[in-house]
$ cat data08.cif   # mmCIF, C-alpha atoms
data_entry
#
loop_
_atom_site.label_atom_id
_atom_site.label_comp_id
_atom_site.auth_asym_id
_atom_site.auth_seq_id
_atom_site.Cartn_x
_atom_site.Cartn_y
_atom_site.Cartn_z
CA MET B 1 66.16 87.02 109.73
CA LYS B 2 66.65 83.35 110.50
CA ALA B 3 67.74 82.70 106.90
CA ILE B 4 70.18 85.62 106.99
CA ALA B 5 71.63 84.42 110.31
CA GLN B 6 72.06 80.92 108.86
CA LYS B 7 73.86 82.31 105.82
CA LEU B 8 76.12 84.47 107.97
CA GLY B 9 76.91 81.44 110.13
CA GLN B 10 77.98 79.50 107.05
CA GLY B 11 80.07 82.47 105.95
CA LEU B 12 81.83 82.65 109.30
CA GLY B 13 82.71 78.97 108.88
CA VAL B 14 84.27 79.74 105.49
CA LEU B 15 86.17 82.67 107.01
CA TRP B 16 87.50 80.51 109.86
CA GLY B 17 88.58 77.75 107.44
CA ALA B 18 90.40 80.15 105.09
CA LEU B 19 92.31 81.85 107.91
CA THR B 20 93.17 78.54 109.58
CA LEU B 21 94.56 77.15 106.32
CA VAL B 22 96.76 80.21 105.73
CA PHE B 23 97.99 80.12 109.35
CA ILE B 24 98.93 76.44 109.05
CA LEU B 25 100.84 77.07 105.82
CA PHE B 26 102.86 79.89 107.39
CA ALA B 27 103.36 77.91 110.62
CA LEU B 28 105.42 75.44 108.56
CA ILE B 29 108.06 78.12 107.88
CA PRO B 30 111.11 77.27 110.02
CA ASP B 31 111.83 80.11 112.50
CA PRO B 32 110.69 83.33 110.71
CA ALA B 33 112.70 85.36 113.24
CA ARG B 34 116.02 84.27 111.68
CA GLN B 35 114.71 85.19 108.24
CA LEU B 36 113.69 88.63 109.54
CA ALA B 37 117.08 89.12 111.19
CA GLY B 38 118.77 88.80 107.79
CA GLN B 39 122.54 88.71 107.97
CA ASN B 40 122.49 89.69 111.64
CA GLU B 41 122.29 86.22 113.16
CA GLN B 42 123.23 87.16 116.71
CA GLU B 43 121.10 85.17 119.11
CA GLU B 44 120.14 88.29 121.08
CA VAL B 45 118.73 89.95 117.96
CA VAL B 46 116.82 86.85 116.89
CA GLU B 47 115.38 86.40 120.38
CA ALA B 48 114.31 90.06 120.50
CA ILE B 49 112.44 89.64 117.19
CA ARG B 50 110.75 86.49 118.48
CA GLU B 51 109.60 88.30 121.62
CA LYS B 52 108.42 91.42 119.75
CA TYR B 53 106.15 89.54 117.35
CA GLY B 54 105.17 86.72 119.68
CA LEU B 55 107.11 84.11 117.69
CA ASN B 56 108.47 82.64 120.92
CA GLN B 57 104.96 81.42 121.76
CA SER B 58 103.58 78.07 120.67
CA PRO B 59 101.64 77.93 117.34
CA ALA B 60 98.43 77.21 119.29
CA LYS B 61 98.87 80.38 121.38
CA ARG B 62 99.63 82.51 118.33
CA TYR B 63 96.60 81.03 116.57
CA LEU B 64 94.33 81.85 119.50
CA HIS B 65 95.81 85.35 119.87
CA PHE B 66 95.16 86.13 116.20
CA PHE B 67 91.49 85.11 116.32
CA MET B 68 90.99 87.02 119.57
CA GLY B 69 92.36 90.09 117.79
CA LEU B 70 89.65 89.78 115.12
CA SER B 71 86.94 90.31 117.72
CA PRO B 72 85.68 93.88 118.28
CA LEU B 73 85.62 93.07 122.02
CA GLN B 74 89.20 93.74 123.18
CA HIS B 75 90.85 93.08 126.53
CA ASP B 76 93.78 95.03 127.94
CA ALA B 77 95.16 96.08 131.34
CA GLU B 78 92.18 98.37 131.92
CA GLY B 79 89.63 95.61 131.22
CA TRP B 80 87.25 94.86 128.36
CA SER B 81 86.36 97.45 125.73
CA TRP B 82 84.98 97.76 122.21
CA GLY B 83 87.34 98.71 119.41
CA ALA B 84 88.54 98.01 115.89
CA PRO B 85 89.94 94.52 115.23
CA ASP B 86 93.66 94.20 115.90
CA LEU B 87 95.41 92.29 113.11
CA GLY B 88 98.87 92.74 114.56
CA ARG B 89 101.88 94.52 113.09
CA SER B 90 103.74 93.85 109.87
CA PHE B 91 106.95 91.85 110.20
CA ILE B 92 108.62 94.02 107.53
CA SER B 93 107.41 97.62 108.01
CA ASP B 94 106.32 97.30 111.68
CA ARG B 95 103.17 99.30 110.90
CA PRO B 96 99.71 98.14 112.04
CA VAL B 97 98.22 95.72 109.53
CA THR B 98 94.77 97.32 109.86
CA GLU B 99 96.19 100.72 108.91
CA ALA B 100 98.03 99.34 105.86
CA ILE B 101 94.99 97.42 104.58
CA PHE B 102 92.48 100.25 104.99
CA GLN B 103 94.89 102.64 103.32
CA SER B 104 95.14 100.44 100.21
CA LEU B 105 91.60 98.96 100.19
CA PRO B 106 89.81 102.01 98.69
CA ALA B 107 92.00 101.84 95.57
CA THR B 108 91.16 98.15 95.05
CA ILE B 109 87.44 98.71 95.69
CA LEU B 110 87.41 101.58 93.17
CA LEU B 111 89.10 99.37 90.58
CA ALA B 112 86.65 96.51 91.18
CA VAL B 113 83.59 98.81 91.05
CA LEU B 114 84.71 100.41 87.78
CA ALA B 115 85.47 97.01 86.22
CA MET B 116 82.11 95.53 87.30
CA ALA B 117 80.22 98.63 86.14
CA LEU B 118 81.81 98.20 82.72
CA ALA B 119 81.10 94.46 82.66
CA MET B 120 77.48 94.73 83.82
CA SER B 121 76.48 97.65 81.59
CA LEU B 122 78.04 96.39 78.36
CA GLY B 123 77.38 92.72 79.14
CA LEU B 124 73.67 93.19 79.86
CA ILE B 125 73.05 95.46 76.88
CA GLY B 126 75.04 93.27 74.48
CA GLY B 127 73.53 90.06 75.84
CA MET B 128 69.98 91.40 75.52
CA LEU B 129 70.54 92.56 71.93
CA CYS B 130 72.29 89.37 70.79
CA GLY B 131 69.76 87.16 72.60
CA ALA B 132 66.96 88.86 70.67
CA VAL B 133 68.67 88.02 67.34
CA ALA B 134 70.18 84.65 68.32
CA GLY B 135 71.85 82.84 65.42
CA SER B 136 72.56 85.96 63.38
CA PHE B 137 76.01 86.97 62.13
CA ALA B 138 76.34 89.68 64.83
CA ASP B 139 75.40 87.13 67.50
CA ARG B 140 78.04 84.64 66.35
CA LEU B 141 80.67 87.40 66.06
CA PHE B 142 80.14 88.68 69.61
CA LEU B 143 80.03 85.13 71.00
CA THR B 144 83.45 84.51 69.45
CA LEU B 145 84.83 87.72 70.96
CA ALA B 146 83.36 86.80 74.35
CA SER B 147 85.03 83.38 74.20
CA LEU B 148 88.37 85.04 73.48
CA GLY B 149 87.83 87.45 76.38
CA MET B 150 87.10 84.60 78.78
CA SER B 151 90.17 82.63 77.78
CA ALA B 152 92.65 85.52 78.05
CA PRO B 153 94.66 85.42 81.34
CA SER B 154 94.54 88.69 83.26
CA PHE B 155 98.33 89.04 83.50
CA VAL B 156 98.68 88.67 79.71
CA MET B 157 95.89 91.17 79.01
CA ALA B 158 97.39 93.59 81.54
CA ILE B 159 100.72 93.62 79.68
CA VAL B 160 99.04 93.95 76.25
CA VAL B 161 96.66 96.74 77.32
CA SER B 162 99.41 98.61 79.16
CA TRP B 163 101.74 98.40 76.14
CA LEU B 164 99.11 99.32 73.51
CA PHE B 165 97.21 102.12 75.23
CA GLY B 166 99.98 103.40 77.48
CA SER B 167 102.91 103.25 75.06
CA VAL B 168 102.05 102.61 71.39
CA TRP B 169 98.87 104.76 71.36
CA HIS B 170 99.87 107.10 74.18
CA ALA B 171 99.78 110.14 71.87
CA TRP B 172 96.04 109.55 71.28
CA THR B 173 94.95 108.16 74.67
CA GLY B 174 97.14 110.31 76.94
CA LEU B 175 97.09 107.45 79.47
CA PRO B 176 100.21 106.34 81.37
CA MET B 177 101.37 102.73 81.52
CA THR B 178 101.54 102.74 85.32
CA GLY B 179 100.28 104.87 88.17
CA GLY B 180 98.32 104.79 91.43
CA LEU B 181 95.18 106.47 92.68
CA TRP B 182 97.23 109.38 94.00
CA GLU B 183 100.04 111.27 92.30
CA VAL B 184 102.38 113.87 93.76
CA HIS B 185 102.44 117.13 91.85
CA PRO B 186 105.69 119.12 92.30
CA PHE B 187 103.74 122.30 93.24
CA GLU B 188 100.26 121.16 94.30
CA GLY B 189 101.30 118.10 96.30
CA PRO B 190 99.25 114.86 96.43
CA ARG B 191 96.14 114.82 94.23
CA LEU B 192 93.71 112.28 92.85
CA ALA B 193 94.63 110.68 89.52
CA LEU B 194 91.44 108.87 88.50
CA HIS B 195 92.61 108.58 84.88
CA HIS B 196 95.21 106.06 86.09
CA ALA B 197 92.32 103.66 86.85
CA ILE B 198 91.07 103.48 83.24
CA LEU B 199 93.50 100.89 81.88
CA PRO B 200 93.56 98.55 84.91
CA ALA B 201 89.74 98.71 85.19
CA LEU B 202 89.42 97.90 81.48
CA THR B 203 91.81 94.97 81.86
CA LEU B 204 90.07 93.68 84.97
CA GLY B 205 86.62 93.97 83.37
CA ILE B 206 87.31 91.99 80.18
CA ARG B 207 86.68 88.51 81.60
CA PRO B 208 83.57 89.33 83.70
CA LEU B 209 82.20 91.27 80.71
CA SER B 210 82.50 88.13 78.59
CA VAL B 211 80.82 86.00 81.27
CA VAL B 212 77.94 88.45 81.83
CA PHE B 213 77.40 88.77 78.09
CA GLN B 214 77.19 85.00 77.52
CA LEU B 215 74.94 84.37 80.53
CA THR B 216 72.58 87.19 79.57
CA ARG B 217 72.46 86.12 75.94
CA ASN B 218 71.72 82.48 76.80
CA SER B 219 69.07 83.41 79.39
CA VAL B 220 67.33 85.83 77.02
CA THR B 221 67.29 83.24 74.24
CA GLU B 222 65.73 80.65 76.56
CA ILE B 223 63.18 83.04 78.10
CA LEU B 224 62.01 84.38 74.72
CA GLY B 225 60.87 80.86 73.86
CA SER B 226 58.91 80.36 77.10
CA SER B 227 55.13 80.10 77.27
CA TYR B 228 54.48 83.29 79.27
CA VAL B 229 56.41 85.38 76.72
CA ARG B 230 54.37 83.88 73.88
CA THR B 231 51.21 84.66 75.87
CA ALA B 232 52.33 88.27 76.36
CA LYS B 233 52.98 88.61 72.63
CA SER B 234 49.56 87.16 71.79
CA LYS B 235 47.93 89.80 74.04
CA GLY B 236 49.64 92.56 72.07
CA VAL B 237 52.30 93.54 74.62
CA GLY B 238 55.06 95.55 72.95
CA GLN B 239 58.53 94.13 72.38
CA MET B 240 60.21 96.73 74.60
CA ARG B 241 57.89 96.01 77.53
CA ILE B 242 58.40 92.26 77.11
CA MET B 243 62.19 92.68 77.18
CA THR B 244 62.25 94.99 80.22
CA HIS B 245 59.42 93.55 82.36
CA HIS B 246 59.47 89.86 81.52
CA VAL B 247 62.83 88.89 80.02
CA LEU B 248 65.34 91.09 81.87
CA ARG B 249 64.19 90.40 85.44
CA ASN B 250 64.08 86.64 84.84
CA ALA B 251 67.47 86.67 83.12
CA LEU B 252 69.20 88.49 85.98
CA ASN B 253 69.42 85.56 88.43
CA PRO B 254 72.36 83.71 86.82
CA VAL B 255 73.98 87.04 85.96
CA LEU B 256 73.84 88.18 89.60
CA THR B 257 75.38 84.92 90.76
CA ALA B 258 78.31 85.31 88.37
CA ALA B 259 78.70 89.05 89.00
CA SER B 260 78.80 88.63 92.78
CA GLY B 261 81.51 85.99 92.52
CA TRP B 262 83.53 88.07 90.08
CA PHE B 263 83.26 91.24 92.14
CA ALA B 264 84.43 89.50 95.30
CA SER B 265 87.23 87.66 93.48
CA MET B 266 88.45 90.92 91.92
CA LEU B 267 89.48 92.06 95.37
CA ALA B 268 91.81 89.07 95.54
CA GLY B 269 92.44 88.34 91.87
CA ALA B 270 93.54 91.86 90.97
CA VAL B 271 97.05 91.04 92.17
CA PHE B 272 98.62 90.66 88.70
CA VAL B 273 96.73 93.62 87.27
CA GLU B 274 97.75 95.89 90.14
CA TYR B 275 101.35 94.66 89.89
CA VAL B 276 101.63 95.34 86.13
CA PHE B 277 100.02 98.79 86.33
CA GLY B 278 101.68 99.76 89.62
CA TRP B 279 98.25 100.34 91.19
CA GLN B 280 98.77 100.76 94.93
CA GLY B 281 95.87 98.55 96.09
CA MET B 282 95.38 95.59 98.38
CA GLY B 283 96.36 93.12 95.65
CA LEU B 284 99.82 94.65 95.35
CA LEU B 285 100.05 94.85 99.14
CA MET B 286 99.30 91.15 99.47
CA PHE B 287 101.72 90.25 96.66
CA ARG B 288 104.59 91.99 98.46
CA ALA B 289 103.58 90.44 101.78
CA LEU B 290 103.64 86.94 100.26
CA GLU B 291 106.99 87.67 98.63
CA GLN B 292 108.46 88.69 102.01
CA SER B 293 106.66 86.01 104.11
CA ASP B 294 104.91 88.75 106.09
CA LEU B 295 102.40 86.52 107.92
CA PRO B 296 100.36 89.23 109.75
CA MET B 297 99.85 91.19 106.52
CA VAL B 298 98.82 88.11 104.54
CA MET B 299 96.44 86.97 107.28
CA GLY B 300 94.89 90.44 107.43
CA CYS B 301 94.37 90.57 103.65
CA VAL B 302 92.82 87.09 103.64
CA ALA B 303 90.48 88.08 106.49
CA VAL B 304 89.26 91.16 104.61
CA ILE B 305 88.82 89.30 101.30
CA ALA B 306 86.97 86.38 102.90
CA SER B 307 84.70 88.79 104.81
CA ILE B 308 83.83 90.58 101.57
CA PHE B 309 83.00 87.23 99.93
CA VAL B 310 80.60 86.42 102.77
CA LEU B 311 78.86 89.82 102.74
CA VAL B 312 78.51 89.87 98.95
CA ASN B 313 76.97 86.38 98.90
CA VAL B 314 74.42 87.30 101.59
CA ALA B 315 73.53 90.53 99.73
CA VAL B 316 73.02 88.63 96.47
CA ASP B 317 70.74 86.10 98.17
CA LEU B 318 68.60 89.00 99.40
CA LEU B 319 68.52 90.49 95.90
CA TYR B 320 67.20 87.21 94.50
CA GLY B 321 63.97 87.56 96.46
CA TRP B 322 63.49 91.14 95.29
CA ILE B 323 64.17 90.43 91.61
CA ASP B 324 62.32 87.12 91.40
CA PRO B 325 59.71 86.47 94.15
CA ARG B 326 59.58 82.79 93.13
CA VAL B 327 62.93 82.18 94.84
CA SER B 328 62.26 84.36 97.89
CA GLY B 329 63.42 82.48 100.96
CA SER B 330 64.33 79.34 99.03
CA SER B 331 67.71 80.62 97.85
CA PHE B 332 69.06 80.29 101.40
CA ARG B 333 68.37 76.57 101.53
#

$ encode --input "data08.cif" --output "structure tokens"
Amino acid sequence: MKAIAQKLGQGLGVLWGALTLVFILFALIPDPARQLAGQNEQEEVVEAIREKYGLNQSPAKRYLHFFMGLSPLQHDAEGWSWGAPDLGRSFISDRPVTEAIFQSLPATILLAVLAMALAMSLGLIGGMLCGAVAGSFADRLFLTLASLGMSAPSFVMAIVVSWLFGSVWHAWTGLPMTGGLWEVHPFEGPRLALHHAILPALTLGIRPLSVVFQLTRNSVTEILGSSYVRTAKSKGVGQMRIMTHHVLRNALNPVLTAASGWFASMLAGAVFVEYVFGWQGMGLLMFRALEQSDLPMVMGCVAVIASIFVLVNVAVDLLYGWIDPRVSGSSFR
């Protein structure tokens, strides 16, 4: 418990630093109220916008007000009470930031889970097989493909995948080039459209798949040459049992580290993929907020993403001790 508390404390420091940096960057924007007023530059209108969103307060007061809103302990005219964090209201749509984020977050989480499931399943299986036959033609071929997958930018792959599978081969795949998690049927109304997630999940999973494959392959190759594996072979232990009980569990540590980082970054790095495919997730929400200088929305998205990074890192540290007892407790130090 002490180790977990220490890790959470470090994570809160990361969260505070990320939010402070974003706030400082947006605080440098000269008078956002005039930008929000648009062509209506009447002083009464500008002053009303400043008062509505608290822009007439000093940066220090706005900074303190934002961090107080993140706390579940809220204070109002009736006193102190527990409630959901208040991230303010959007400058553009005037809707609560919390509502907008939690409406779009499930779509991004679904996309990230599907992409990581693809990367972990194919990467582990391919890495195990190629690690067992290291140096063969198949091993060299898949290593080359993995290198190409790692070097391909996500926005380029998104355009290529969307064009090939959604346009050129649409007659065979039946997949659209763009689409969100929900679609509106003219007679049935809103309904789930999970097939829209196939192409963006495939695009998002290419790079982590390449990383997981290479890490697994390298770890398996190294572990197969270790002394305890040779001892197991000399005692007559079967190849399948050696791979599942000795090699796989020891090879998972570097893979988990990479997978946790990739999964958390997908929630922030899916911006280009969501934009190209028109996937209505948090990445697209944050892209539009940045484009429109919507400070409350950007701050809210950063807070959610940074919180997910912290929770994923703590969860992975706990998994280390379960997978490999040799690092139990030491991975927090």

$ atom_distance --input "data08.cif" --atom1 "atom CA of B:Pro85" --atom2 "atom CA of B:Gly281"
20.4 Å

$ closest_residue --input "data08.cif" --among "B:Ala37, B:Ala27, B:Leu118, B:Leu64" --to "B:Arg207" --atoms "all atoms listed in the file"
B:Leu118

$ closest_residue --input "data08.cif" --among "B:Ser307, B:Cys301, B:Gly131, B:Ala193" --to "B:Leu87" --atoms "only C-alpha atoms"
B:Cys301

$ closest_residue --input "data08.cif" --among "B:Ala146, B:Met299, B:Ala3, B:Val160" --to "B:Gly126" --atoms "all atoms listed in the file"
B:Ala146

$ resolve_selection --input "data08.cif" --expression "the PyMOL selection byres ((chain B and resi 88-94) around 10)" --output "VMD selection string"
chain B and resid 32 to 33 36 49 52 to 53 65 to 66 69 to 70 85 to 87 95 to 100 289 292 to 300

$ resolve_selection --input "data08.cif" --expression "the PyMOL selection byres ((chain B and resi 13-15) around 8)" --output "ChimeraX atom specification"
/B:9-12,16-19,303,306-307,310

$ residues_around --input "data08.cif" --residues "B:Tyr63" --least-positions-apart "3" --cutoff "10 Å" --atoms "only C-alpha atoms" --output "ChimeraX atom specification"
/B:19-20,23-24,27,57-60,66-68

$ closest_residue --input "data08.cif" --among "B:Leu248, B:Ala158, B:Leu124, B:Val237" --to "B:Val271" --atoms "all atoms listed in the file"
B:Ala158

$ closest_residue --input "data08.cif" --among "B:Leu319, B:Asp31, B:Gly127, B:Leu284" --to "B:Asp139" --atoms "all atoms listed in the file"
B:Gly127

$ resolve_selection --input "data08.cif" --expression "the PyMOL selection byres ((chain B and resi 208-214) around 6)" --output "PyMOL selection string"
chain B and resi 119+123+127+146+149-150+205-207+215-217+255

$ residues_near_point --input "data08.cif" --point "(84.9, 85.8, 97.8)" --cutoff "9 Å" --atoms "all atoms listed in the file" --output "JSON, numbers by chain"
{"B": [260, 261, 262, 263, 264, 265, 266, 267, 268, 305, 306, 307, 308, 309, 310, 311, 312, 313]}

$ atom_distance --input "data08.cif" --atom1 "atom CA of B:Ala112" --atom2 "atom CA of B:Thr221"
28.9 Å

$ atom_distance --input "data08.cif" --atom1 "atom CA of B:Ala259" --atom2 "atom CA of B:Pro176"
28.6 Å

$ residues_near_point --input "data08.cif" --point "(100.6, 100.9, 84.9)" --cutoff "9 Å" --atoms "only C-alpha atoms" --output "VMD selection string"
chain B and resid 158 to 159 162 166 176 to 180 196 to 197 199 to 200 273 to 279

$ decode --input "data08.cif" --residues "stretch 47-77 of chain B" --atoms "N, CA and C atoms" --output "PDB file, in the first residue's frame"
ATOM      1  N   GLU B  47     -17.288  42.488 -22.358  1.00  0.00           N
ATOM      2  CA  GLU B  47     -17.249  42.456 -20.894  1.00  0.00           C
ATOM      3  C   GLU B  47     -18.189  41.379 -20.347  1.00  0.00           C
ATOM      4  N   ALA B  48     -19.312  41.165 -21.017  1.00  0.00           N
ATOM      5  CA  ALA B  48     -20.249  40.124 -20.581  1.00  0.00           C
ATOM      6  C   ALA B  48     -19.624  38.735 -20.747  1.00  0.00           C
ATOM      7  N   ILE B  49     -18.873  38.549 -21.816  1.00  0.00           N
ATOM      8  CA  ILE B  49     -18.193  37.255 -22.038  1.00  0.00           C
ATOM      9  C   ILE B  49     -17.118  37.043 -20.983  1.00  0.00           C
ATOM     10  N   ARG B  50     -16.379  38.099 -20.675  1.00  0.00           N
ATOM     11  CA  ARG B  50     -15.343  38.003 -19.643  1.00  0.00           C
ATOM     12  C   ARG B  50     -15.956  37.585 -18.302  1.00  0.00           C
ATOM     13  N   GLU B  51     -17.091  38.214 -17.964  1.00  0.00           N
ATOM     14  CA  GLU B  51     -17.717  37.927 -16.673  1.00  0.00           C
ATOM     15  C   GLU B  51     -18.305  36.521 -16.654  1.00  0.00           C
ATOM     16  N   LYS B  52     -18.880  36.061 -17.754  1.00  0.00           N
ATOM     17  CA  LYS B  52     -19.523  34.752 -17.813  1.00  0.00           C
ATOM     18  C   LYS B  52     -18.524  33.620 -17.593  1.00  0.00           C
ATOM     19  N   TYR B  53     -17.352  33.742 -18.217  1.00  0.00           N
ATOM     20  CA  TYR B  53     -16.361  32.663 -18.144  1.00  0.00           C
ATOM     21  C   TYR B  53     -15.232  32.956 -17.166  1.00  0.00           C
ATOM     22  N   GLY B  54     -15.373  34.019 -16.383  1.00  0.00           N
ATOM     23  CA  GLY B  54     -14.362  34.327 -15.385  1.00  0.00           C
ATOM     24  C   GLY B  54     -13.077  34.878 -15.956  1.00  0.00           C
ATOM     25  N   LEU B  55     -13.114  35.385 -17.185  1.00  0.00           N
ATOM     26  CA  LEU B  55     -11.905  35.917 -17.817  1.00  0.00           C
ATOM     27  C   LEU B  55     -11.532  37.289 -17.282  1.00  0.00           C
ATOM     28  N   ASN B  56     -12.431  37.893 -16.500  1.00  0.00           N
ATOM     29  CA  ASN B  56     -12.096  39.190 -15.897  1.00  0.00           C
ATOM     30  C   ASN B  56     -11.295  39.019 -14.610  1.00  0.00           C
ATOM     31  N   GLN B  57     -11.104  37.780 -14.175  1.00  0.00           N
ATOM     32  CA  GLN B  57     -10.290  37.512 -12.996  1.00  0.00           C
ATOM     33  C   GLN B  57      -8.815  37.414 -13.385  1.00  0.00           C
ATOM     34  N   SER B  58      -7.967  37.514 -12.387  1.00  0.00           N
ATOM     35  CA  SER B  58      -6.530  37.390 -12.644  1.00  0.00           C
ATOM     36  C   SER B  58      -6.196  35.947 -13.006  1.00  0.00           C
ATOM     37  N   PRO B  59      -5.084  35.714 -13.762  1.00  0.00           N
ATOM     38  CA  PRO B  59      -4.691  34.334 -14.106  1.00  0.00           C
ATOM     39  C   PRO B  59      -4.517  33.445 -12.872  1.00  0.00           C
ATOM     40  N   ALA B  60      -4.003  34.012 -11.772  1.00  0.00           N
ATOM     41  CA  ALA B  60      -3.809  33.213 -10.558  1.00  0.00           C
ATOM     42  C   ALA B  60      -5.149  32.733  -9.998  1.00  0.00           C
ATOM     43  N   LYS B  61      -6.170  33.589 -10.044  1.00  0.00           N
ATOM     44  CA  LYS B  61      -7.489  33.210  -9.534  1.00  0.00           C
ATOM     45  C   LYS B  61      -8.122  32.147 -10.420  1.00  0.00           C
ATOM     46  N   ARG B  62      -7.995  32.322 -11.735  1.00  0.00           N
ATOM     47  CA  ARG B  62      -8.548  31.329 -12.656  1.00  0.00           C
ATOM     48  C   ARG B  62      -7.843  29.991 -12.494  1.00  0.00           C
ATOM     49  N   TYR B  63      -6.538  30.034 -12.273  1.00  0.00           N
ATOM     50  CA  TYR B  63      -5.743  28.822 -12.069  1.00  0.00           C
ATOM     51  C   TYR B  63      -6.216  28.082 -10.811  1.00  0.00           C
ATOM     52  N   LEU B  64      -6.403  28.828  -9.737  1.00  0.00           N
ATOM     53  CA  LEU B  64      -6.850  28.230  -8.481  1.00  0.00           C
ATOM     54  C   LEU B  64      -8.278  27.688  -8.612  1.00  0.00           C
ATOM     55  N   HIS B  65      -9.132  28.428  -9.310  1.00  0.00           N
ATOM     56  CA  HIS B  65     -10.526  28.006  -9.482  1.00  0.00           C
ATOM     57  C   HIS B  65     -10.593  26.699 -10.276  1.00  0.00           C
ATOM     58  N   PHE B  66      -9.748  26.561 -11.287  1.00  0.00           N
ATOM     59  CA  PHE B  66      -9.766  25.342 -12.096  1.00  0.00           C
ATOM     60  C   PHE B  66      -9.376  24.129 -11.258  1.00  0.00           C
ATOM     61  N   PHE B  67      -8.293  24.239 -10.477  1.00  0.00           N
ATOM     62  CA  PHE B  67      -7.839  23.103  -9.684  1.00  0.00           C
ATOM     63  C   PHE B  67      -8.813  22.782  -8.546  1.00  0.00           C
ATOM     64  N   MET B  68      -9.502  23.791  -8.039  1.00  0.00           N
ATOM     65  CA  MET B  68     -10.530  23.517  -7.029  1.00  0.00           C
ATOM     66  C   MET B  68     -11.706  22.756  -7.651  1.00  0.00           C
ATOM     67  N   GLY B  69     -11.977  23.034  -8.924  1.00  0.00           N
ATOM     68  CA  GLY B  69     -13.048  22.322  -9.612  1.00  0.00           C
ATOM     69  C   GLY B  69     -12.741  20.858  -9.843  1.00  0.00           C
ATOM     70  N   LEU B  70     -11.449  20.489  -9.893  1.00  0.00           N
ATOM     71  CA  LEU B  70     -11.071  19.091 -10.086  1.00  0.00           C
ATOM     72  C   LEU B  70     -11.344  18.240  -8.856  1.00  0.00           C
ATOM     73  N   SER B  71     -11.458  18.874  -7.698  1.00  0.00           N
ATOM     74  CA  SER B  71     -11.662  18.134  -6.458  1.00  0.00           C
ATOM     75  C   SER B  71     -13.103  17.636  -6.358  1.00  0.00           C
ATOM     76  N   PRO B  72     -13.303  16.400  -5.869  1.00  0.00           N
ATOM     77  CA  PRO B  72     -14.687  15.916  -5.673  1.00  0.00           C
ATOM     78  C   PRO B  72     -15.394  16.623  -4.527  1.00  0.00           C
ATOM     79  N   LEU B  73     -14.646  17.343  -3.689  1.00  0.00           N
ATOM     80  CA  LEU B  73     -15.247  18.095  -2.577  1.00  0.00           C
ATOM     81  C   LEU B  73     -15.556  19.507  -3.074  1.00  0.00           C
ATOM     82  N   GLN B  74     -16.840  19.802  -3.280  1.00  0.00           N
ATOM     83  CA  GLN B  74     -17.267  21.066  -3.874  1.00  0.00           C
ATOM     84  C   GLN B  74     -17.887  21.972  -2.809  1.00  0.00           C
ATOM     85  N   HIS B  75     -17.753  23.280  -3.062  1.00  0.00           N
ATOM     86  CA  HIS B  75     -18.320  24.265  -2.134  1.00  0.00           C
ATOM     87  C   HIS B  75     -19.242  25.198  -2.904  1.00  0.00           C
ATOM     88  N   ASP B  76     -20.442  25.376  -2.381  1.00  0.00           N
ATOM     89  CA  ASP B  76     -21.391  26.316  -2.982  1.00  0.00           C
ATOM     90  C   ASP B  76     -22.087  27.102  -1.871  1.00  0.00           C
ATOM     91  N   ALA B  77     -23.193  27.761  -2.222  1.00  0.00           N
ATOM     92  CA  ALA B  77     -23.896  28.599  -1.238  1.00  0.00           C
ATOM     93  C   ALA B  77     -24.458  27.790  -0.075  1.00  0.00           C
TER      94      ALA B  77
END
